[in-house]
Amino acid sequence: MSVESIVQSTRIVLASRPDGAPTADNFRLEAVNLPDPAEGQVLIRVIYLSLDPYMRGRMSAAESYADPVEIDEVMVGGTVGQVVESRHPDFATGDYVLGYAGWQSHAVVDGNHLRALDRDAAPLSTAVGVLGMPGFTAYSGLLKIGQPKAGETVVVAAASGPVGSAVGQIAKLKGARAVGIAGGPEKCAYLLDELGFDAAVDHRSPNFAEELRAACPDGIDVYFENVGGAVAAAVLPLLNLYARVPVCGLIAQYNDTETPEGPDRLPGFFTRVLVKSLTIRGFIQREFVSEMYADFQRDVSGWIREGRFAYREDIVDGLENAPAAFIGLLRGSNFGKLVVRVAEED
């Protein structure tokens, strides 16, 4: 790469670790010159950046399933990009690729960590949404751990989001009854009118627990956990004998800085686990990739083509707007899969 062709990347780094909810001060926008791609590497320009709740955990130094982002490092994130220059035999200039370049406009990455995308097969943005990590999280967690059976009741929290909306639709396709929990009348209407859920319950309602019970007259056989907190507390008494609980996320608790006040509910929780013979399993979607990813791509892409599966995207323009969008995501401000459009497609 000559001096004249040096590529400058705009990026957002972690400036400081949040204490509670993240703020704009925890992020910093900066520009850096990128090195030439080495053998096996690819220079890409980022088109779409995925924003997801797990990123809050990566901002913390606390022990987790993945290493934290270090101070002054680029924020992590799934990306769709286009190859600018390639020194990897599998990719050529102009190819579209799925990767993990993070919050930046350009990146030099290992070509072995990229997956080629067919722009004609599906919109590029779906590679970080319904046909990407969120969709696979729903597919693998529900089918591997939840194992819904025809006629059973499946309840999913954060049901209008990219994971929850897929969980409910897959449950319906498997013959189960889908009950979604979401925040506000608009999101609940979306579950019923556009996604075909059997019932929707607003967790902001002052009568939430009673309304959830009414929506599940035969109890709950599968609860797909995305939220935790008060939602989980309302679900627990309704779980049937041998109910299964895939634990995907706990977004209601991500910004907590101390243990909530109140009585110790752990003994009651474990009593319920014992009495109802519950199966509760946390999971990270990548553990099922080798076993289920090909089936996921076949099934969900097929359901979309057949008009049996819907999805919604919430697209924000401009990398500089990623921090505000992410902060809003943790408050539930988004409606659908949150994606930042970093650059226009060709």
# chains A, B, ... in the order shown; residues from 1 in each chain; ligands from 1
>>> select_by_dssp(residues="range 131-326 of chain A", states="alpha helix (DSSP H)", output="PyMOL selection string")
chain A and resi 133-140+162-173+185-193+208-215+229-235+266-275+289-305+322-326
>>> write_last_selection(atoms="C-alpha atoms", output="PDB file, in the first residue's frame")
ATOM      1  CA  MET A 133     -25.820 -14.729  15.548  1.00  0.00           C
ATOM      2  CA  PRO A 134     -29.191 -13.550  16.987  1.00  0.00           C
ATOM      3  CA  GLY A 135     -31.191 -15.883  14.779  1.00  0.00           C
ATOM      4  CA  PHE A 136     -28.906 -18.806  15.524  1.00  0.00           C
ATOM      5  CA  THR A 137     -29.087 -18.047  19.246  1.00  0.00           C
ATOM      6  CA  ALA A 138     -32.859 -18.416  19.082  1.00  0.00           C
ATOM      7  CA  TYR A 139     -32.772 -21.520  16.890  1.00  0.00           C
ATOM      8  CA  SER A 140     -30.125 -23.422  18.834  1.00  0.00           C
ATOM      9  CA  PRO A 162     -34.128 -10.214  17.242  1.00  0.00           C
ATOM     10  CA  VAL A 163     -33.716 -13.300  19.445  1.00  0.00           C
ATOM     11  CA  GLY A 164     -37.144 -13.312  21.077  1.00  0.00           C
ATOM     12  CA  SER A 165     -39.077 -12.742  17.861  1.00  0.00           C
ATOM     13  CA  ALA A 166     -37.294 -15.700  16.266  1.00  0.00           C
ATOM     14  CA  VAL A 167     -37.927 -17.910  19.305  1.00  0.00           C
ATOM     15  CA  GLY A 168     -41.665 -17.314  19.173  1.00  0.00           C
ATOM     16  CA  GLN A 169     -41.916 -17.960  15.441  1.00  0.00           C
ATOM     17  CA  ILE A 170     -39.859 -21.146  15.624  1.00  0.00           C
ATOM     18  CA  ALA A 171     -42.026 -22.347  18.517  1.00  0.00           C
ATOM     19  CA  LYS A 172     -45.119 -21.800  16.370  1.00  0.00           C
ATOM     20  CA  LEU A 173     -43.555 -23.655  13.447  1.00  0.00           C
ATOM     21  CA  PRO A 185     -48.559  -1.726  23.406  1.00  0.00           C
ATOM     22  CA  GLU A 186     -46.810  -1.189  20.048  1.00  0.00           C
ATOM     23  CA  LYS A 187     -44.390  -4.052  20.558  1.00  0.00           C
ATOM     24  CA  CYS A 188     -47.125  -6.330  21.893  1.00  0.00           C
ATOM     25  CA  ALA A 189     -49.288  -5.560  18.849  1.00  0.00           C
ATOM     26  CA  TYR A 190     -46.341  -6.413  16.594  1.00  0.00           C
ATOM     27  CA  LEU A 191     -46.056  -9.847  18.211  1.00  0.00           C
ATOM     28  CA  LEU A 192     -49.723 -10.595  17.603  1.00  0.00           C
ATOM     29  CA  ASP A 193     -50.386  -8.921  14.271  1.00  0.00           C
ATOM     30  CA  PHE A 208     -48.108  -7.859  34.614  1.00  0.00           C
ATOM     31  CA  ALA A 209     -47.950 -10.995  36.795  1.00  0.00           C
ATOM     32  CA  GLU A 210     -51.724 -11.490  36.669  1.00  0.00           C
ATOM     33  CA  GLU A 211     -51.862 -10.875  32.910  1.00  0.00           C
ATOM     34  CA  LEU A 212     -49.052 -13.353  32.312  1.00  0.00           C
ATOM     35  CA  ARG A 213     -50.898 -15.983  34.338  1.00  0.00           C
ATOM     36  CA  ALA A 214     -54.060 -15.359  32.312  1.00  0.00           C
ATOM     37  CA  ALA A 215     -52.103 -15.735  29.062  1.00  0.00           C
ATOM     38  CA  GLY A 229     -35.348  -9.524  37.079  1.00  0.00           C
ATOM     39  CA  ALA A 230     -39.061  -8.973  37.652  1.00  0.00           C
ATOM     40  CA  VAL A 231     -40.018 -10.790  34.453  1.00  0.00           C
ATOM     41  CA  ALA A 232     -38.311 -13.989  35.567  1.00  0.00           C
ATOM     42  CA  ALA A 233     -39.886 -13.651  39.009  1.00  0.00           C
ATOM     43  CA  ALA A 234     -43.359 -13.603  37.449  1.00  0.00           C
ATOM     44  CA  VAL A 235     -42.586 -16.595  35.232  1.00  0.00           C
ATOM     45  CA  LEU A 266     -32.504 -18.333  46.315  1.00  0.00           C
ATOM     46  CA  PRO A 267     -33.940 -21.024  48.652  1.00  0.00           C
ATOM     47  CA  GLY A 268     -37.399 -20.561  47.130  1.00  0.00           C
ATOM     48  CA  PHE A 269     -35.962 -20.655  43.630  1.00  0.00           C
ATOM     49  CA  PHE A 270     -34.150 -23.954  44.223  1.00  0.00           C
ATOM     50  CA  THR A 271     -37.210 -25.391  45.925  1.00  0.00           C
ATOM     51  CA  ARG A 272     -39.125 -24.671  42.724  1.00  0.00           C
ATOM     52  CA  VAL A 273     -36.372 -26.259  40.641  1.00  0.00           C
ATOM     53  CA  LEU A 274     -36.594 -29.413  42.761  1.00  0.00           C
ATOM     54  CA  VAL A 275     -40.375 -29.659  43.109  1.00  0.00           C
ATOM     55  CA  VAL A 289     -22.285 -24.146  15.681  1.00  0.00           C
ATOM     56  CA  SER A 290     -20.735 -27.390  14.450  1.00  0.00           C
ATOM     57  CA  GLU A 291     -23.886 -29.352  15.240  1.00  0.00           C
ATOM     58  CA  MET A 292     -26.684 -27.004  14.176  1.00  0.00           C
ATOM     59  CA  TYR A 293     -25.502 -24.032  12.085  1.00  0.00           C
ATOM     60  CA  ALA A 294     -26.035 -25.654   8.687  1.00  0.00           C
ATOM     61  CA  ASP A 295     -29.544 -26.733   9.671  1.00  0.00           C
ATOM     62  CA  PHE A 296     -30.263 -23.221  10.951  1.00  0.00           C
ATOM     63  CA  GLN A 297     -29.232 -21.599   7.678  1.00  0.00           C
ATOM     64  CA  ARG A 298     -31.301 -24.079   5.678  1.00  0.00           C
ATOM     65  CA  ASP A 299     -34.407 -23.864   7.847  1.00  0.00           C
ATOM     66  CA  VAL A 300     -34.637 -20.134   8.569  1.00  0.00           C
ATOM     67  CA  SER A 301     -33.679 -18.981   5.079  1.00  0.00           C
ATOM     68  CA  GLY A 302     -36.268 -21.421   3.731  1.00  0.00           C
ATOM     69  CA  TRP A 303     -38.987 -20.179   6.086  1.00  0.00           C
ATOM     70  CA  ILE A 304     -38.255 -16.587   5.047  1.00  0.00           C
ATOM     71  CA  ARG A 305     -38.504 -17.456   1.346  1.00  0.00           C
ATOM     72  CA  ALA A 322     -23.299   3.743  17.735  1.00  0.00           C
ATOM     73  CA  PRO A 323     -22.749   4.684  21.419  1.00  0.00           C
ATOM     74  CA  ALA A 324     -26.115   6.436  21.764  1.00  0.00           C
ATOM     75  CA  ALA A 325     -27.860   3.590  19.942  1.00  0.00           C
ATOM     76  CA  PHE A 326     -26.209   1.011  22.200  1.00  0.00           C
TER      77      PHE A 326
END
>>> select_by_dssp(residues="range 197-287 of chain A", states="strand (DSSP E or B)", output="list in words")
Ala199, Ala200, Val201, Asp202, Ile220, Asp221, Val222, Tyr223, Phe224, Glu225, Leu239, Asn240, Leu241, Tyr242, Ala243, Arg244, Val245, Pro246, Val247, Thr279, Ile280, Arg281 and Gly282 of chain A
>>> closest_residue(among="A:Ala38, A:Val13, A:Ala24, A:Leu49", to="Thr126 in chain A", atoms="only C-alpha atoms")
A:Leu49
>>> residues_around(residues="Ala116 in chain A", least_positions_apart="4", cutoff="7 Å", atoms="only C-alpha atoms", output="number ranges by chain")
A: 96-98
>>> closest_residue(among="A:Val339, A:Val76, A:Leu319, A:Leu142", to="Tyr100 in chain A", atoms="only C-alpha atoms")
A:Val76
>>> residues_around(residues="Ala101 in chain A", least_positions_apart="3", cutoff="7 Å", atoms="only C-alpha atoms", output="count of residues only")
4
>>> closest_atom_pairs(of="range 184-270 of chain A", to="range 176-179 of chain A", cutoff="7 Å", atoms="only C-alpha atoms", output="tab-separated table")
residue	atom	partner	partner_atom	distance
A:Phe197	CA	A:Ala178	CA	5.2
A:Asp198	CA	A:Ala178	CA	5.4
A:Ala199	CA	A:Val179	CA	4.8
A:Ala200	CA	A:Val179	CA	5.6
>>> write_last_selection(atoms="N, CA, C and O atoms", output="PDB file, in the first residue's frame")
ATOM      1  N   PHE A 197     -47.813 -14.506  17.199  1.00  0.00           N
ATOM      2  CA  PHE A 197     -47.819 -15.059  18.550  1.00  0.00           C
ATOM      3  C   PHE A 197     -49.267 -15.289  18.989  1.00  0.00           C
ATOM      4  O   PHE A 197     -50.191 -14.603  18.554  1.00  0.00           O
ATOM      5  N   ASP A 198     -49.458 -16.239  19.897  1.00  0.00           N
ATOM      6  CA  ASP A 198     -50.796 -16.521  20.412  1.00  0.00           C
ATOM      7  C   ASP A 198     -51.225 -15.523  21.478  1.00  0.00           C
ATOM      8  O   ASP A 198     -52.430 -15.290  21.656  1.00  0.00           O
ATOM      9  N   ALA A 199     -50.271 -14.970  22.197  1.00  0.00           N
ATOM     10  CA  ALA A 199     -50.575 -13.980  23.234  1.00  0.00           C
ATOM     11  C   ALA A 199     -49.348 -13.106  23.438  1.00  0.00           C
ATOM     12  O   ALA A 199     -48.210 -13.527  23.175  1.00  0.00           O
ATOM     13  N   ALA A 200     -49.590 -11.872  23.885  1.00  0.00           N
ATOM     14  CA  ALA A 200     -48.510 -10.937  24.188  1.00  0.00           C
ATOM     15  C   ALA A 200     -48.836 -10.226  25.489  1.00  0.00           C
ATOM     16  O   ALA A 200     -49.979  -9.808  25.705  1.00  0.00           O
TER      17      ALA A 200
END
>>> residues_around(residues="Ala61 in chain A", least_positions_apart="6", cutoff="10 Å", atoms="only C-alpha atoms", output="MDAnalysis selection string")
chainID A and resid 17 67:71
>>> residues_around(residues="Ser105 in chain A", least_positions_apart="6", cutoff="8 Å", atoms="only C-alpha atoms", output="VMD selection string")
chain A and resid 9 to 11 45 to 47 319 342 to 343
>>> closest_residue(among="A:Ala158, A:Glu85, A:Leu131, A:Phe91", to="Asp36 in chain A", atoms="only C-alpha atoms")
A:Glu85
>>> decode(residues="range 100-115 of chain A", atoms="N, CA and C atoms", output="PDB file, in the first residue's frame")
ATOM      1  N   TYR A 100     -15.911 -10.008  12.332  1.00  0.00           N
ATOM      2  CA  TYR A 100     -16.017  -9.516  13.704  1.00  0.00           C
ATOM      3  C   TYR A 100     -15.066  -8.328  13.871  1.00  0.00           C
ATOM      4  N   ALA A 101     -15.194  -7.371  12.943  1.00  0.00           N
ATOM      5  CA  ALA A 101     -14.266  -6.243  12.912  1.00  0.00           C
ATOM      6  C   ALA A 101     -14.516  -5.234  14.007  1.00  0.00           C
ATOM      7  N   GLY A 102     -15.713  -5.201  14.580  1.00  0.00           N
ATOM      8  CA  GLY A 102     -16.001  -4.280  15.662  1.00  0.00           C
ATOM      9  C   GLY A 102     -16.416  -2.902  15.186  1.00  0.00           C
ATOM     10  N   TRP A 103     -16.360  -1.944  16.111  1.00  0.00           N
ATOM     11  CA  TRP A 103     -16.894  -0.610  15.874  1.00  0.00           C
ATOM     12  C   TRP A 103     -15.869   0.242  15.117  1.00  0.00           C
ATOM     13  N   GLN A 104     -15.706   0.014  13.841  1.00  0.00           N
ATOM     14  CA  GLN A 104     -14.770   0.793  13.051  1.00  0.00           C
ATOM     15  C   GLN A 104     -15.163   0.765  11.582  1.00  0.00           C
ATOM     16  N   SER A 105     -14.675   1.743  10.851  1.00  0.00           N
ATOM     17  CA  SER A 105     -15.071   1.880   9.443  1.00  0.00           C
ATOM     18  C   SER A 105     -14.286   0.963   8.528  1.00  0.00           C
ATOM     19  N   HIS A 106     -13.055   0.647   8.868  1.00  0.00           N
ATOM     20  CA  HIS A 106     -12.197  -0.243   8.084  1.00  0.00           C
ATOM     21  C   HIS A 106     -11.387  -1.093   9.058  1.00  0.00           C
ATOM     22  N   ALA A 107     -10.950  -2.259   8.586  1.00  0.00           N
ATOM     23  CA  ALA A 107     -10.160  -3.137   9.444  1.00  0.00           C
ATOM     24  C   ALA A 107      -9.326  -4.088   8.605  1.00  0.00           C
ATOM     25  N   VAL A 108      -8.163  -4.439   9.123  1.00  0.00           N
ATOM     26  CA  VAL A 108      -7.341  -5.500   8.558  1.00  0.00           C
ATOM     27  C   VAL A 108      -7.548  -6.730   9.428  1.00  0.00           C
ATOM     28  N   VAL A 109      -8.061  -7.815   8.823  1.00  0.00           N
ATOM     29  CA  VAL A 109      -8.451  -8.981   9.606  1.00  0.00           C
ATOM     30  C   VAL A 109      -7.885 -10.252   8.989  1.00  0.00           C
ATOM     31  N   ASP A 110      -7.819 -11.290   9.793  1.00  0.00           N
ATOM     32  CA  ASP A 110      -7.400 -12.614   9.340  1.00  0.00           C
ATOM     33  C   ASP A 110      -8.492 -13.186   8.449  1.00  0.00           C
ATOM     34  N   GLY A 111      -8.147 -13.526   7.224  1.00  0.00           N
ATOM     35  CA  GLY A 111      -9.135 -14.063   6.300  1.00  0.00           C
ATOM     36  C   GLY A 111      -9.767 -15.353   6.757  1.00  0.00           C
ATOM     37  N   ASN A 112      -9.078 -16.112   7.603  1.00  0.00           N
ATOM     38  CA  ASN A 112      -9.643 -17.366   8.108  1.00  0.00           C
ATOM     39  C   ASN A 112     -10.820 -17.135   9.043  1.00  0.00           C
ATOM     40  N   HIS A 113     -10.986 -15.890   9.502  1.00  0.00           N
ATOM     41  CA  HIS A 113     -12.073 -15.569  10.423  1.00  0.00           C
ATOM     42  C   HIS A 113     -13.256 -14.914   9.709  1.00  0.00           C
ATOM     43  N   LEU A 114     -13.241 -14.955   8.379  1.00  0.00           N
ATOM     44  CA  LEU A 114     -14.316 -14.355   7.597  1.00  0.00           C
ATOM     45  C   LEU A 114     -15.147 -15.441   6.922  1.00  0.00           C
ATOM     46  N   ARG A 115     -16.406 -15.104   6.637  1.00  0.00           N
ATOM     47  CA  ARG A 115     -17.278 -15.997   5.877  1.00  0.00           C
ATOM     48  C   ARG A 115     -17.859 -15.234   4.704  1.00  0.00           C
TER      49      ARG A 115
END
